[in-house]
Structure formats: C-alpha cells, structure tokens
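Pasted below: upload_15.cif, mmCIF, C-alpha atoms.
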data_input
loop_
_atom_site.label_atom_id
_atom_site.label_comp_id
_atom_site.auth_asym_id
_atom_site.auth_seq_id
_atom_site.Cartn_x
_atom_site.Cartn_y
_atom_site.Cartn_z
CA MET A 61 10.52 23.28 -43.93
CA ALA A 62 11.25 23.24 -47.62
CA LYS A 63 10.02 20.23 -49.51
CA GLN A 64 12.88 17.89 -50.43
CA THR A 65 13.21 16.84 -54.04
CA ASP A 66 15.02 13.89 -55.54
CA SER A 67 18.56 14.84 -56.53
CA ASN A 68 18.15 12.81 -59.72
CA PRO A 69 15.06 13.99 -61.61
CA ALA A 70 15.32 11.01 -63.97
CA VAL A 71 14.45 8.65 -61.14
CA ARG A 72 10.70 8.49 -60.58
CA VAL A 73 10.42 7.22 -57.01
CA LYS A 74 6.91 6.93 -55.65
CA GLU A 75 5.15 5.37 -52.71
CA PRO A 76 3.73 1.90 -53.41
CA ALA A 77 0.44 2.30 -55.22
CA SER A 78 -2.51 0.38 -53.92
CA SER A 79 -2.48 -1.68 -57.12
CA TYR A 80 1.08 -2.79 -56.33
CA GLN A 81 0.57 -3.52 -52.64
CA SER A 82 -1.28 -6.71 -53.54
CA PHE A 83 2.07 -8.08 -54.77
CA ASP A 84 3.07 -8.40 -51.11
CA LEU A 85 0.66 -11.34 -50.85
CA LEU A 86 2.55 -13.31 -53.50
CA ALA A 87 5.17 -15.94 -52.75
CA THR A 88 7.05 -15.12 -55.94
CA LEU A 89 9.50 -12.24 -56.08
CA VAL A 90 8.03 -9.17 -57.78
CA THR A 91 9.31 -5.69 -58.54
CA VAL A 92 7.93 -2.86 -60.66
CA VAL A 93 10.44 -0.81 -62.65
CA ASP A 94 10.31 2.05 -65.11
CA LYS A 95 11.58 1.82 -68.69
CA GLN A 96 15.14 2.54 -67.53
CA GLY A 97 15.02 -0.28 -64.98
CA LYS A 98 14.77 1.93 -61.88
CA VAL A 99 12.80 0.23 -59.12
CA LEU A 100 9.43 1.80 -58.30
CA PHE A 101 8.13 -0.97 -56.03
CA SER A 102 9.46 -4.17 -54.46
CA ASN A 103 7.34 -6.78 -52.70
CA ALA A 104 8.17 -8.32 -49.33
CA ALA A 105 9.27 -11.66 -50.80
CA LEU A 106 11.94 -9.96 -52.93
CA GLU A 107 13.08 -7.90 -49.95
CA ASP A 108 13.55 -11.08 -47.91
CA VAL A 109 15.50 -12.90 -50.63
CA LEU A 110 17.81 -10.01 -51.47
CA GLY A 111 18.52 -9.40 -47.79
CA ILE A 112 18.15 -5.62 -48.08
CA SER A 113 15.35 -3.27 -47.13
CA ARG A 114 12.64 -2.13 -49.50
CA ARG A 115 13.70 1.46 -48.96
CA THR A 116 17.15 0.61 -50.32
CA ILE A 117 15.77 -1.33 -53.28
CA VAL A 118 13.36 1.40 -54.44
CA GLY A 119 15.15 3.84 -56.71
CA SER A 120 18.03 1.51 -57.48
CA ASP A 121 18.98 0.13 -60.90
CA PHE A 122 17.45 -3.35 -60.75
CA ALA A 123 19.78 -4.71 -63.42
CA GLU A 124 22.62 -4.46 -60.89
CA ALA A 125 20.85 -7.07 -58.75
CA PHE A 126 21.85 -9.72 -61.32
CA THR A 127 25.23 -11.27 -62.04
CA GLU A 128 24.74 -10.28 -65.71
CA PRO A 129 22.98 -6.87 -65.74
CA SER A 130 22.92 -6.70 -69.54
CA GLN A 131 20.27 -9.45 -69.74
CA LEU A 132 17.67 -7.35 -67.94
CA GLN A 133 18.70 -4.16 -69.73
CA ASN A 134 18.24 -5.79 -73.13
CA ALA A 135 14.93 -7.32 -72.09
CA LEU A 136 13.57 -3.98 -70.84
CA GLU A 137 14.54 -2.32 -74.10
CA GLY A 138 12.70 -4.97 -76.09
CA VAL A 139 9.55 -4.66 -73.98
CA SER A 140 9.67 -0.85 -73.94
CA GLU A 141 9.96 -0.70 -77.72
CA ASN A 142 6.95 -3.03 -78.08
CA GLU A 143 9.06 -5.83 -79.54
CA PHE A 144 7.59 -8.14 -76.89
CA ALA A 145 4.47 -7.98 -74.75
CA ALA A 146 6.19 -10.31 -72.29
CA LEU A 147 9.60 -11.90 -72.07
CA ARG A 148 11.09 -14.81 -70.15
CA TYR A 149 14.65 -15.92 -69.47
CA ASP A 150 16.80 -17.52 -66.77
CA ALA A 151 19.30 -15.54 -64.71
CA TRP A 152 21.24 -15.43 -61.44
CA LEU A 153 20.09 -13.05 -58.69
CA LYS A 154 22.73 -11.67 -56.30
CA ARG A 155 22.01 -11.92 -52.55
CA VAL A 156 23.68 -10.33 -49.54
CA GLY A 157 25.66 -12.95 -47.63
CA TYR A 158 24.54 -15.86 -49.84
CA ASP A 159 25.39 -17.44 -53.17
CA ALA A 160 23.58 -16.16 -56.25
CA LEU A 161 20.09 -17.63 -56.70
CA PRO A 162 19.03 -19.13 -60.06
CA VAL A 163 15.69 -17.60 -61.08
CA HIS A 164 13.28 -17.61 -63.99
CA VAL A 165 12.61 -13.96 -64.97
CA ILE A 166 9.22 -12.93 -66.39
CA ILE A 167 8.92 -9.37 -67.70
CA THR A 168 5.50 -7.91 -68.50
CA ARG A 169 4.26 -4.43 -69.45
CA THR A 170 1.49 -2.87 -67.41
CA ASP A 171 -1.50 -1.23 -69.07
CA PRO A 172 -1.02 1.61 -69.82
CA ALA A 173 2.57 0.65 -70.60
CA GLU A 174 4.33 3.08 -68.28
CA ASP A 175 5.71 0.62 -65.77
CA ILE A 176 7.12 -2.87 -66.20
CA ILE A 177 6.52 -5.80 -63.85
CA VAL A 178 9.48 -8.09 -63.25
CA GLU A 179 8.59 -11.43 -61.64
CA LEU A 180 11.31 -13.77 -60.42
CA VAL A 181 10.57 -17.44 -59.75
CA PRO A 182 13.40 -19.35 -58.03
CA LEU A 183 14.15 -22.32 -60.27
CA GLU A 184 14.24 -24.66 -57.29
CA ALA A 185 10.76 -23.52 -56.28
CA GLN A 186 9.53 -23.86 -59.85
CA THR A 187 10.89 -27.39 -60.03
CA ARG A 188 9.26 -28.27 -56.71
CA GLN A 189 5.93 -26.80 -57.80
CA ASP A 190 6.03 -28.75 -61.06
CA ARG A 191 6.81 -31.92 -59.11
CA GLU A 192 3.96 -31.28 -56.65
CA GLU A 193 1.51 -30.72 -59.49
CA ARG A 194 2.69 -33.90 -61.17
CA LEU A 195 2.32 -35.88 -57.93
CA MET A 196 -1.14 -34.44 -57.32
CA GLU A 197 -2.30 -35.39 -60.82
CA GLN A 198 -0.72 -38.80 -60.36
CA SER A 199 -2.48 -39.28 -57.04
CA GLN A 200 -5.87 -38.33 -58.48
CA THR A 201 -5.35 -40.75 -61.37
CA ASN A 202 -4.33 -43.48 -58.93
CA LYS A 203 -7.44 -42.92 -56.82
CA GLU A 204 -9.75 -43.25 -59.79
CA LEU A 205 -7.88 -46.30 -61.02
CA ILE A 206 -8.01 -47.95 -57.59
CA ARG A 207 -11.72 -47.31 -57.11
CA ASN A 208 -12.66 -48.56 -60.55
CA LEU A 209 -10.37 -51.58 -60.40
CA ALA A 210 -11.47 -52.53 -56.88
CA HIS A 211 -15.15 -52.45 -57.82
CA GLU A 212 -14.52 -54.44 -60.99
CA ILE A 213 -12.67 -57.10 -58.99
CA LYS A 214 -15.08 -57.20 -56.08
CA ASN A 215 -18.21 -58.21 -57.98
CA PRO A 216 -16.90 -61.37 -59.72
CA LEU A 217 -14.84 -62.25 -56.64
CA GLY A 218 -17.96 -62.81 -54.57
CA GLY A 219 -19.34 -65.07 -57.29
CA ILE A 220 -16.12 -67.11 -57.44
CA ARG A 221 -16.09 -67.64 -53.67
CA GLY A 222 -19.78 -68.54 -53.57
CA ALA A 223 -19.41 -71.03 -56.41
CA ALA A 224 -16.44 -72.67 -54.65
CA GLN A 225 -18.47 -73.03 -51.44
CA LEU A 226 -21.37 -74.65 -53.28
CA LEU A 227 -19.01 -76.94 -55.15
CA GLU A 228 -17.42 -77.99 -51.86
CA LEU A 229 -20.81 -79.15 -50.55
CA GLU A 230 -21.22 -81.44 -53.57
CA ILE A 231 -17.74 -83.00 -53.41
CA ALA A 232 -17.16 -86.11 -51.35
CA SER A 233 -13.43 -86.41 -52.04
CA GLN A 234 -11.13 -84.85 -49.44
CA GLU A 235 -8.46 -84.22 -52.07
CA LEU A 236 -10.85 -82.22 -54.26
CA THR A 237 -12.10 -80.30 -51.22
CA GLU A 238 -8.56 -79.05 -50.69
CA TYR A 239 -8.75 -77.40 -54.12
CA THR A 240 -11.99 -75.61 -53.28
CA GLN A 241 -10.38 -74.44 -50.01
CA VAL A 242 -7.53 -72.93 -52.03
CA ILE A 243 -10.06 -71.04 -54.17
CA ILE A 244 -11.93 -69.77 -51.09
CA HIS A 245 -8.70 -68.79 -49.32
CA GLU A 246 -7.36 -66.89 -52.33
CA ALA A 247 -10.72 -65.20 -52.89
CA ASP A 248 -10.67 -64.04 -49.25
CA ARG A 249 -7.11 -62.76 -49.67
CA LEU A 250 -8.11 -60.75 -52.75
CA GLN A 251 -11.19 -59.46 -50.94
CA SER A 252 -8.96 -58.23 -48.11
CA LEU A 253 -6.72 -56.46 -50.64
CA VAL A 254 -9.73 -54.81 -52.30
CA ASP A 255 -11.03 -53.64 -48.92
CA ARG A 256 -7.64 -52.09 -48.15
CA LEU A 257 -7.63 -50.35 -51.52
CA LEU A 258 -11.04 -48.84 -50.84
CA ALA A 259 -10.50 -48.12 -47.12
CA PRO A 260 -9.19 -44.52 -47.39
CA HIS A 261 -12.12 -43.55 -49.62
CA ARG A 262 -14.74 -45.07 -47.33
CA ARG A 263 -13.53 -43.84 -43.96
CA PRO A 264 -14.74 -40.35 -42.98
CA HIS A 265 -12.18 -37.65 -42.22
CA VAL A 266 -12.44 -37.21 -38.41
CA VAL A 267 -11.04 -33.82 -37.46
CA GLY A 268 -9.79 -32.87 -34.01
CA ASP A 269 -6.83 -31.26 -32.27
CA VAL A 270 -3.58 -33.03 -33.15
CA ASN A 271 -0.23 -32.87 -31.36
CA ILE A 272 2.29 -34.16 -33.89
CA HIS A 273 4.67 -35.34 -31.17
CA GLU A 274 1.98 -37.53 -29.63
CA VAL A 275 1.57 -39.04 -33.10
CA CYS A 276 5.31 -39.67 -33.38
CA GLU A 277 5.49 -41.17 -29.87
CA ARG A 278 2.63 -43.54 -30.62
CA VAL A 279 4.38 -44.72 -33.79
CA ARG A 280 7.70 -44.99 -31.96
CA SER A 281 6.21 -47.29 -29.33
CA LEU A 282 4.61 -49.49 -32.01
CA ILE A 283 7.84 -49.77 -33.99
CA LEU A 284 9.96 -50.59 -30.93
CA ALA A 285 7.45 -53.23 -29.88
CA GLU A 286 7.80 -54.98 -33.24
CA PHE A 287 11.56 -54.37 -33.68
CA PRO A 288 12.97 -54.35 -30.12
CA LYS A 289 16.61 -55.16 -30.92
CA GLY A 290 19.36 -53.63 -33.04
CA MET A 291 17.65 -50.32 -33.83
CA ARG A 292 17.90 -46.92 -32.20
CA VAL A 293 14.95 -44.53 -32.59
CA VAL A 294 16.06 -40.90 -32.41
CA ARG A 295 13.66 -38.09 -31.48
CA ASP A 296 14.59 -34.63 -32.81
CA TYR A 297 11.54 -32.54 -31.95
CA ASP A 298 10.76 -28.84 -32.12
CA THR A 299 8.49 -28.62 -29.08
CA SER A 300 7.25 -25.15 -30.06
CA ILE A 301 5.10 -26.61 -32.87
CA PRO A 302 1.45 -25.81 -32.08
CA GLU A 303 -1.45 -28.22 -32.24
CA PHE A 304 -3.45 -28.17 -35.45
CA ARG A 305 -6.75 -29.51 -36.72
CA GLY A 306 -6.47 -32.90 -38.35
CA ASP A 307 -7.35 -36.58 -38.29
CA ARG A 308 -5.11 -38.09 -35.61
CA GLU A 309 -5.67 -41.71 -36.63
CA GLN A 310 -4.91 -40.98 -40.28
CA LEU A 311 -1.66 -39.24 -39.33
CA ILE A 312 -0.65 -42.10 -37.03
CA GLN A 313 -1.27 -44.53 -39.90
CA THR A 314 0.70 -42.30 -42.28
CA VAL A 315 3.79 -42.08 -40.08
CA LEU A 316 3.49 -45.75 -39.11
CA ASN A 317 3.40 -46.88 -42.75
CA ILE A 318 6.57 -44.92 -43.52
CA ALA A 319 8.37 -45.96 -40.32
CA HIS A 320 7.39 -49.61 -40.75
CA ASN A 321 8.76 -49.66 -44.30
CA ALA A 322 11.96 -48.06 -43.02
CA ALA A 323 12.33 -50.59 -40.20
CA GLN A 324 11.89 -53.50 -42.60
CA ALA A 325 14.55 -51.99 -44.88
CA LEU A 326 16.92 -51.83 -41.88
CA ALA A 327 16.95 -55.60 -41.33
CA GLU A 328 20.64 -56.01 -42.21
CA ARG A 329 21.68 -53.10 -40.03
CA MET A 330 19.60 -54.44 -37.14
CA ALA A 331 21.60 -57.64 -37.37
CA THR A 332 24.80 -55.62 -36.81
CA GLY A 333 23.15 -53.37 -34.20
CA ASP A 334 23.62 -50.02 -35.94
CA ALA A 335 20.15 -49.40 -37.44
CA GLU A 336 18.81 -45.90 -36.83
CA LEU A 337 15.38 -44.38 -37.37
CA THR A 338 14.83 -40.66 -36.76
CA PHE A 339 11.65 -38.63 -36.23
CA LYS A 340 12.40 -34.95 -36.82
CA THR A 341 9.93 -32.05 -36.61
CA ARG A 342 10.43 -28.43 -37.61
CA VAL A 343 8.37 -25.34 -38.40
CA MET A 344 8.68 -23.88 -41.89
CA ARG A 345 7.81 -20.23 -42.44
CA GLN A 346 6.42 -18.54 -45.54
CA ILE A 347 6.39 -21.73 -47.57
CA THR A 348 4.57 -22.45 -50.81
CA PHE A 349 3.25 -25.84 -51.81
CA GLY A 350 0.17 -26.96 -53.65
CA LYS A 351 0.10 -23.52 -55.38
CA GLN A 352 -0.64 -21.84 -52.05
CA ARG A 353 1.52 -19.85 -49.68
CA TYR A 354 1.33 -20.61 -45.97
CA ARG A 355 2.63 -18.55 -43.11
CA LEU A 356 3.54 -21.66 -41.13
CA ALA A 357 3.80 -25.34 -41.96
CA LEU A 358 4.78 -28.49 -40.09
CA GLU A 359 7.79 -30.27 -41.56
CA LEU A 360 8.01 -33.88 -40.37
CA HIS A 361 10.92 -36.10 -41.42
CA VAL A 362 11.14 -39.86 -41.05
CA ILE A 363 14.79 -40.73 -41.74
CA ASP A 364 16.55 -44.07 -41.80
CA ASN A 365 20.13 -45.19 -42.51
CA GLY A 366 19.11 -48.16 -44.63
CA PRO A 367 20.10 -49.11 -48.18
CA GLY A 368 17.83 -46.54 -49.83
CA VAL A 369 14.94 -46.81 -52.26
CA PRO A 370 15.79 -48.97 -55.30
CA ASP A 371 16.41 -46.85 -58.41
CA SER A 372 13.93 -48.97 -60.33
CA ILE A 373 10.97 -47.69 -58.27
CA LYS A 374 12.12 -44.23 -57.11
CA ASP A 375 9.82 -42.44 -59.54
CA ARG A 376 6.90 -44.76 -58.77
CA ILE A 377 7.21 -45.20 -55.03
CA PHE A 378 3.78 -43.69 -54.28
CA TYR A 379 2.04 -45.72 -56.98
CA PRO A 380 -0.34 -48.39 -55.69
CA LEU A 381 0.94 -51.98 -55.68
CA VAL A 382 4.57 -50.85 -56.16
CA SER A 383 6.87 -52.31 -53.50
CA GLY A 384 10.61 -52.65 -53.11
CA ARG A 385 10.19 -55.59 -50.73
CA GLU A 386 9.28 -59.14 -51.65
CA GLY A 387 5.83 -59.90 -50.34
CA GLY A 388 4.96 -56.23 -49.82
CA SER A 389 1.47 -55.06 -50.81
CA GLY A 390 2.66 -51.72 -52.18
CA LEU A 391 -0.23 -49.89 -50.49
CA GLY A 392 1.42 -48.32 -47.43
CA LEU A 393 2.92 -45.28 -49.14
CA THR A 394 -0.09 -44.82 -51.40
CA LEU A 395 -2.31 -44.59 -48.32
CA ALA A 396 0.20 -42.25 -46.63
CA GLN A 397 0.10 -39.92 -49.63
CA THR A 398 -3.72 -39.99 -49.66
CA PHE A 399 -3.97 -39.15 -45.95
CA VAL A 400 -1.42 -36.31 -46.19
CA GLN A 401 -3.24 -34.79 -49.15
CA GLN A 402 -6.49 -34.92 -47.17
CA HIS A 403 -4.69 -32.58 -44.74
CA HIS A 404 -3.86 -30.23 -47.66
CA GLY A 405 -0.23 -31.27 -47.34
CA SER A 406 2.44 -32.92 -49.45
CA ILE A 407 4.85 -35.82 -49.06
CA GLU A 408 8.10 -36.48 -50.88
CA VAL A 409 11.18 -38.64 -50.53
CA ASP A 410 14.90 -38.07 -50.93
CA SER A 411 16.88 -41.31 -50.92
CA VAL A 412 20.49 -42.34 -51.38
CA PRO A 413 22.26 -45.44 -50.00
CA GLY A 414 22.69 -44.88 -46.26
CA ARG A 415 19.97 -42.22 -45.92
CA THR A 416 16.31 -42.16 -46.88
CA ASP A 417 14.29 -39.11 -45.85
CA PHE A 418 10.51 -38.98 -46.16
CA LYS A 419 9.33 -35.38 -45.68
CA ILE A 420 5.74 -34.49 -44.84
CA LEU A 421 4.52 -30.89 -45.04
CA ILE A 422 1.19 -29.88 -43.45
CA PRO A 423 -0.14 -26.30 -43.09
CA LEU A 424 -0.36 -24.94 -39.56
CA PRO A 425 -2.86 -22.36 -38.26
#

Re-express the file's structure as structure tokens.
Amino acid sequence: MAKQTDSNPAVRVKEPASSYQSFDLLATLVTVVDKQGKVLFSNAALEDVLGISRRTIVGSDFAEAFTEPSQLQNALEGVSENEFAALRYDAWLKRVGYDALPVHVIITRTDPAEDIIVELVPLEAQTRQDREERLMEQSQTNKELIRNLAHEIKNPLGGIRGAAQLLELEIASQELTEYTQVIIHEADRLQSLVDRLLAPHRRPHVVGDVNIHEVCERVRSLILAEFPKGMRVVRDYDTSIPEFRGDREQLIQTVLNIAHNAAQALAERMATGDAELTFKTRVMRQITFGKQRYRLALELHVIDNGPGVPDSIKDRIFYPLVSGREGGSGLGLTLAQTFVQQHHGSIEVDSVPGRTDFKILIPLP
C-alpha cells in the first residue's frame, strides 16, 4: 500500500511528541501551533472544552477557534518575528453547542523557536483561582493572628482572675463581693473564648472513612432537634458519592456551624412556616482548586432561603470574630474554613436575599 501524504504540504501534522504529551496532565487548555497557526498538538482539556476530537483539531487553523481570528494571527506574527518572547491578551473561544468562553490567552515560543505554545485560561477559572489564593493567604494570616492574640490574652487573664479571687477572700462586704464575681465571671468567659480560638490548632486530625451523607444526617437531626417548627430540611443527595478519608467529627462540626448559622438567620421565615434548609451533594469531575487538578471532588451545598449575608460583611465572612448576628461569636465559619482546608478543600459562599449557598469542595479518591 502506497504511503499517504498530506494533500497540503504547508501543513506540518505530526503525532504528539513525548514533550507535548505532558500537557495532557494540565487543567489549563493548551495547544501547540506552527508559525502559521496550524495546530500540531492539542491537550485533552482543550478537546473537552471545544467539544470536538483531537484528530479534528490537529491540522486546523487555530485562529478560527476564536470569535476574532485576527487577534491570534497578529499575536503569532509578533512572536514569530521575535517582537515578543511571550504575549498575553483576552479573547472569546468558540465552542460546539455552547456560548463562547472568555479566556486569557498566553502565547510563548518554544526553544528552539519552531513551534508556539498557546495556553488558554478560562477567565472564570482564573478569577476563582485568584480568589482561592486570596482566601488561603487570608486564612493563614488569621491563624497566626488568632494564635498570637489568644496566647497574649491568656497569660494576663489568669492573673486577673487569680487576683479577683484573692481580693474576694479579703472583702467582707457582700456588695463588693458582687464586683469581684463580675471580674471572675468575665475572665472565665474570655478564657472560654480563647480556648475556642485555639481549639482547632490543638486537636489532632483524626482520619478515618467518612460517608458524607452520614455527616449530613447527623447535622440534620441536630438542627431539627433545636429548631423543630417552621422549617423544612431538604435532602438532595447523590448516593453514588464514595467514602473518603477524613476527620468525621471535624466535618460534622463544619456542616453544623454553617447549618446552625443558616437556621438562626431563618427565624422570621420560621415564624411564617416557610423556612427551608437544603443539604445537596454532587460529584465534580476534573476540577481545579488550590492550584491542583483533581479527577473527582465532593461538592456539598448548604442552602437556605433566608435574608442573605449582609453586604457589610460579605467580604469578611470567614474572618474571626466577624458575625452578622447580635451576640454571635464570629468563630463558626472561621472554624469551618480551617477544618475544610485541613481536608485539602475549599469553602465559599454565594448569597443574595432569599438564597444563601455555602459550597464545600473536598477531593475524592
């Protein structure tokens, strides 16, 4: 059989080189093109997003994958003529059966500069990654602040309480004894707060097999016991979710803290009998968070139909001692974030009046 040749000799189509196959491990969309913009290699992530096979992509003019082909053509010319070593711009990527996807395009020459790597980062994913990095840095700063502040408070607090007890022994007047009791009581209250601040850093991470629906059912029973009237608790479970390794008690406390806050925010709706709290579980596939890509991840939502998170604290809701409720300690969500991060996961909130959705993501095996 005669060897077939490409009908267009200008198109240099080749099998994926071993150096390019590693791009299949990336969550970002990557293609390798020649100086004319003809595709030499496409990774699996790009194939999935475009909705067409790799065989179809290879050999095509990649500029035609964008709503404005001239942007890529001009960029490739600049890189090919050594005007730029790398170039970045924003564009819209066309997809089969879907709306165009906004992406950040990064164009880089290979060495030697025969081929050109085109990396596409969905702007939504970039925004989420930036937010996750910001939350992680914020959480680390909060932890250090909490530890340092708690220790600084704890030492003089013991002295204040001890001095009040000694003073009480020397006082004969009942009226003055009431004042020393106030000092002792307030010192004990502050000690309790300090202990709660330090609790997640003291307690060891106890790992075992966790069924997330057993966690949700435990929290559901606790919430219904405390709020038995006027609220409906909805279970929307994906029962195919496998067990995973984690700290069951930490996850119960995490979901309970979120659900308890939600139930308290639903007080007015409970009075009218239309309060609703939803536990929803799903499996996410090929998801990236915390700068890592995971094949599977648990997605747990705790949703309520309350008034929503006040605008004044939306950006600070996971900060310690920030609470939207009078008398609240502001520690529940901080502890929830700490426990989720100890499971290599992330937690975020989307809130508008009538719907608040806390979403927890945890990698699955």

For this session: Could you tell me which of A:Pro413, A:Gly97, A:Gly333, A:Pro380 comes closest to Asn365 of chain A if we count all atoms listed in the file?
Result: A:Pro413

Exercise. Neighbours of segment 312-325 of chain A within 7 Å (all atoms listed in the file; same-chain residues fewer than 4 positions away dropped), as a PyMOL selection string?
Worked result: chain A and resi 275+279+283+308+362+364+366+392-393+396+399

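Using only C-alpha atoms, the nearest neighbour of Ile377 of chain A within the list A:Asp334, A:His404, A:Phe418, A:Arg353 is A:Phe418.
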
For this session: Could you tell me which residues the PyMOL selection byres ((chain A and resi 146) around 12) grabs in this file, written as a VMD selection string?
Result: chain A and resid 135 to 145 147 to 149 165 to 170 173 176 to 179

For this session: Find the distance between atom CA of Ile220 of chain A and atom CA of Thr394 of chain A and write it in Å to one decimal.
Result: 28.1 Å

Rebuild segment 346-376 of chain A to N, CA and C atoms - output it as a PDB file, in the frame of the given file, please.
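Final file, part.pdb:
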ATOM      1  N   GLN A 346       6.631 -19.107 -44.205  1.00  0.00           N
ATOM      2  CA  GLN A 346       6.420 -18.540 -45.540  1.00  0.00           C
ATOM      3  C   GLN A 346       6.800 -19.553 -46.622  1.00  0.00           C
ATOM      4  N   ILE A 347       6.096 -20.651 -46.628  1.00  0.00           N
ATOM      5  CA  ILE A 347       6.390 -21.730 -47.570  1.00  0.00           C
ATOM      6  C   ILE A 347       5.233 -21.890 -48.546  1.00  0.00           C
ATOM      7  N   THR A 348       5.575 -22.251 -49.764  1.00  0.00           N
ATOM      8  CA  THR A 348       4.570 -22.450 -50.810  1.00  0.00           C
ATOM      9  C   THR A 348       4.577 -23.900 -51.244  1.00  0.00           C
ATOM     10  N   PHE A 349       3.422 -24.529 -51.201  1.00  0.00           N
ATOM     11  CA  PHE A 349       3.250 -25.840 -51.810  1.00  0.00           C
ATOM     12  C   PHE A 349       1.781 -26.005 -52.154  1.00  0.00           C
ATOM     13  N   GLY A 350       1.533 -26.824 -53.176  1.00  0.00           N
ATOM     14  CA  GLY A 350       0.170 -26.960 -53.650  1.00  0.00           C
ATOM     15  C   GLY A 350      -0.392 -25.664 -54.198  1.00  0.00           C
ATOM     16  N   LYS A 351       0.478 -24.807 -54.779  1.00  0.00           N
ATOM     17  CA  LYS A 351       0.100 -23.520 -55.380  1.00  0.00           C
ATOM     18  C   LYS A 351      -0.420 -22.516 -54.364  1.00  0.00           C
ATOM     19  N   GLN A 352      -0.214 -22.780 -53.077  1.00  0.00           N
ATOM     20  CA  GLN A 352      -0.640 -21.840 -52.050  1.00  0.00           C
ATOM     21  C   GLN A 352       0.532 -21.497 -51.141  1.00  0.00           C
ATOM     22  N   ARG A 353       0.484 -20.276 -50.618  1.00  0.00           N
ATOM     23  CA  ARG A 353       1.520 -19.850 -49.680  1.00  0.00           C
ATOM     24  C   ARG A 353       0.957 -19.907 -48.272  1.00  0.00           C
ATOM     25  N   TYR A 354       1.750 -20.476 -47.351  1.00  0.00           N
ATOM     26  CA  TYR A 354       1.330 -20.610 -45.970  1.00  0.00           C
ATOM     27  C   TYR A 354       2.327 -19.896 -45.059  1.00  0.00           C
ATOM     28  N   ARG A 355       1.773 -19.254 -44.055  1.00  0.00           N
ATOM     29  CA  ARG A 355       2.630 -18.550 -43.110  1.00  0.00           C
ATOM     30  C   ARG A 355       3.464 -19.527 -42.305  1.00  0.00           C
ATOM     31  N   LEU A 356       2.842 -20.618 -41.891  1.00  0.00           N
ATOM     32  CA  LEU A 356       3.540 -21.660 -41.130  1.00  0.00           C
ATOM     33  C   LEU A 356       3.161 -23.029 -41.663  1.00  0.00           C
ATOM     34  N   ALA A 357       4.091 -23.951 -41.577  1.00  0.00           N
ATOM     35  CA  ALA A 357       3.800 -25.340 -41.960  1.00  0.00           C
ATOM     36  C   ALA A 357       4.632 -26.277 -41.097  1.00  0.00           C
ATOM     37  N   LEU A 358       4.050 -27.421 -40.780  1.00  0.00           N
ATOM     38  CA  LEU A 358       4.780 -28.490 -40.090  1.00  0.00           C
ATOM     39  C   LEU A 358       5.639 -29.224 -41.106  1.00  0.00           C
ATOM     40  N   GLU A 359       6.892 -29.458 -40.748  1.00  0.00           N
ATOM     41  CA  GLU A 359       7.790 -30.270 -41.560  1.00  0.00           C
ATOM     42  C   GLU A 359       8.199 -31.474 -40.714  1.00  0.00           C
ATOM     43  N   LEU A 360       7.721 -32.642 -41.099  1.00  0.00           N
ATOM     44  CA  LEU A 360       8.010 -33.880 -40.370  1.00  0.00           C
ATOM     45  C   LEU A 360       8.865 -34.788 -41.249  1.00  0.00           C
ATOM     46  N   HIS A 361      10.011 -35.199 -40.711  1.00  0.00           N
ATOM     47  CA  HIS A 361      10.920 -36.100 -41.420  1.00  0.00           C
ATOM     48  C   HIS A 361      10.937 -37.458 -40.732  1.00  0.00           C
ATOM     49  N   VAL A 362      10.885 -38.508 -41.527  1.00  0.00           N
ATOM     50  CA  VAL A 362      11.140 -39.860 -41.050  1.00  0.00           C
ATOM     51  C   VAL A 362      12.369 -40.351 -41.816  1.00  0.00           C
ATOM     52  N   ILE A 363      13.491 -40.483 -41.099  1.00  0.00           N
ATOM     53  CA  ILE A 363      14.790 -40.730 -41.740  1.00  0.00           C
ATOM     54  C   ILE A 363      15.355 -42.060 -41.263  1.00  0.00           C
ATOM     55  N   ASP A 364      15.887 -42.833 -42.191  1.00  0.00           N
ATOM     56  CA  ASP A 364      16.550 -44.070 -41.800  1.00  0.00           C
ATOM     57  C   ASP A 364      17.908 -44.173 -42.479  1.00  0.00           C
ATOM     58  N   ASN A 365      18.779 -45.013 -41.942  1.00  0.00           N
ATOM     59  CA  ASN A 365      20.130 -45.190 -42.510  1.00  0.00           C
ATOM     60  C   ASN A 365      20.240 -46.517 -43.243  1.00  0.00           C
ATOM     61  N   GLY A 366      19.145 -46.899 -43.891  1.00  0.00           N
ATOM     62  CA  GLY A 366      19.110 -48.160 -44.630  1.00  0.00           C
ATOM     63  C   GLY A 366      19.711 -48.047 -46.021  1.00  0.00           C
ATOM     64  N   PRO A 367      19.466 -49.043 -46.864  1.00  0.00           N
ATOM     65  CA  PRO A 367      20.100 -49.110 -48.180  1.00  0.00           C
ATOM     66  C   PRO A 367      19.547 -48.124 -49.199  1.00  0.00           C
ATOM     67  N   GLY A 368      18.424 -47.497 -48.896  1.00  0.00           N
ATOM     68  CA  GLY A 368      17.830 -46.540 -49.830  1.00  0.00           C
ATOM     69  C   GLY A 368      16.768 -47.186 -50.705  1.00  0.00           C
ATOM     70  N   VAL A 369      15.994 -46.339 -51.365  1.00  0.00           N
ATOM     71  CA  VAL A 369      14.940 -46.810 -52.260  1.00  0.00           C
ATOM     72  C   VAL A 369      15.569 -47.294 -53.557  1.00  0.00           C
ATOM     73  N   PRO A 370      15.230 -48.487 -54.037  1.00  0.00           N
ATOM     74  CA  PRO A 370      15.790 -48.970 -55.300  1.00  0.00           C
ATOM     75  C   PRO A 370      15.541 -47.999 -56.441  1.00  0.00           C
ATOM     76  N   ASP A 371      16.546 -47.784 -57.282  1.00  0.00           N
ATOM     77  CA  ASP A 371      16.410 -46.850 -58.410  1.00  0.00           C
ATOM     78  C   ASP A 371      15.249 -47.220 -59.314  1.00  0.00           C
ATOM     79  N   SER A 372      14.962 -48.509 -59.405  1.00  0.00           N
ATOM     80  CA  SER A 372      13.930 -48.970 -60.330  1.00  0.00           C
ATOM     81  C   SER A 372      12.526 -48.496 -59.957  1.00  0.00           C
ATOM     82  N   ILE A 373      12.308 -48.113 -58.685  1.00  0.00           N
ATOM     83  CA  ILE A 373      10.970 -47.690 -58.270  1.00  0.00           C
ATOM     84  C   ILE A 373      10.948 -46.280 -57.682  1.00  0.00           C
ATOM     85  N   LYS A 374      12.067 -45.560 -57.729  1.00  0.00           N
ATOM     86  CA  LYS A 374      12.120 -44.230 -57.110  1.00  0.00           C
ATOM     87  C   LYS A 374      11.028 -43.313 -57.641  1.00  0.00           C
ATOM     88  N   ASP A 375      10.808 -43.332 -58.944  1.00  0.00           N
ATOM     89  CA  ASP A 375       9.820 -42.440 -59.540  1.00  0.00           C
ATOM     90  C   ASP A 375       8.396 -42.942 -59.387  1.00  0.00           C
ATOM     91  N   ARG A 376       8.235 -44.161 -58.866  1.00  0.00           N
ATOM     92  CA  ARG A 376       6.900 -44.760 -58.770  1.00  0.00           C
ATOM     93  C   ARG A 376       6.562 -45.186 -57.348  1.00  0.00           C
TER      94      ARG A 376
END
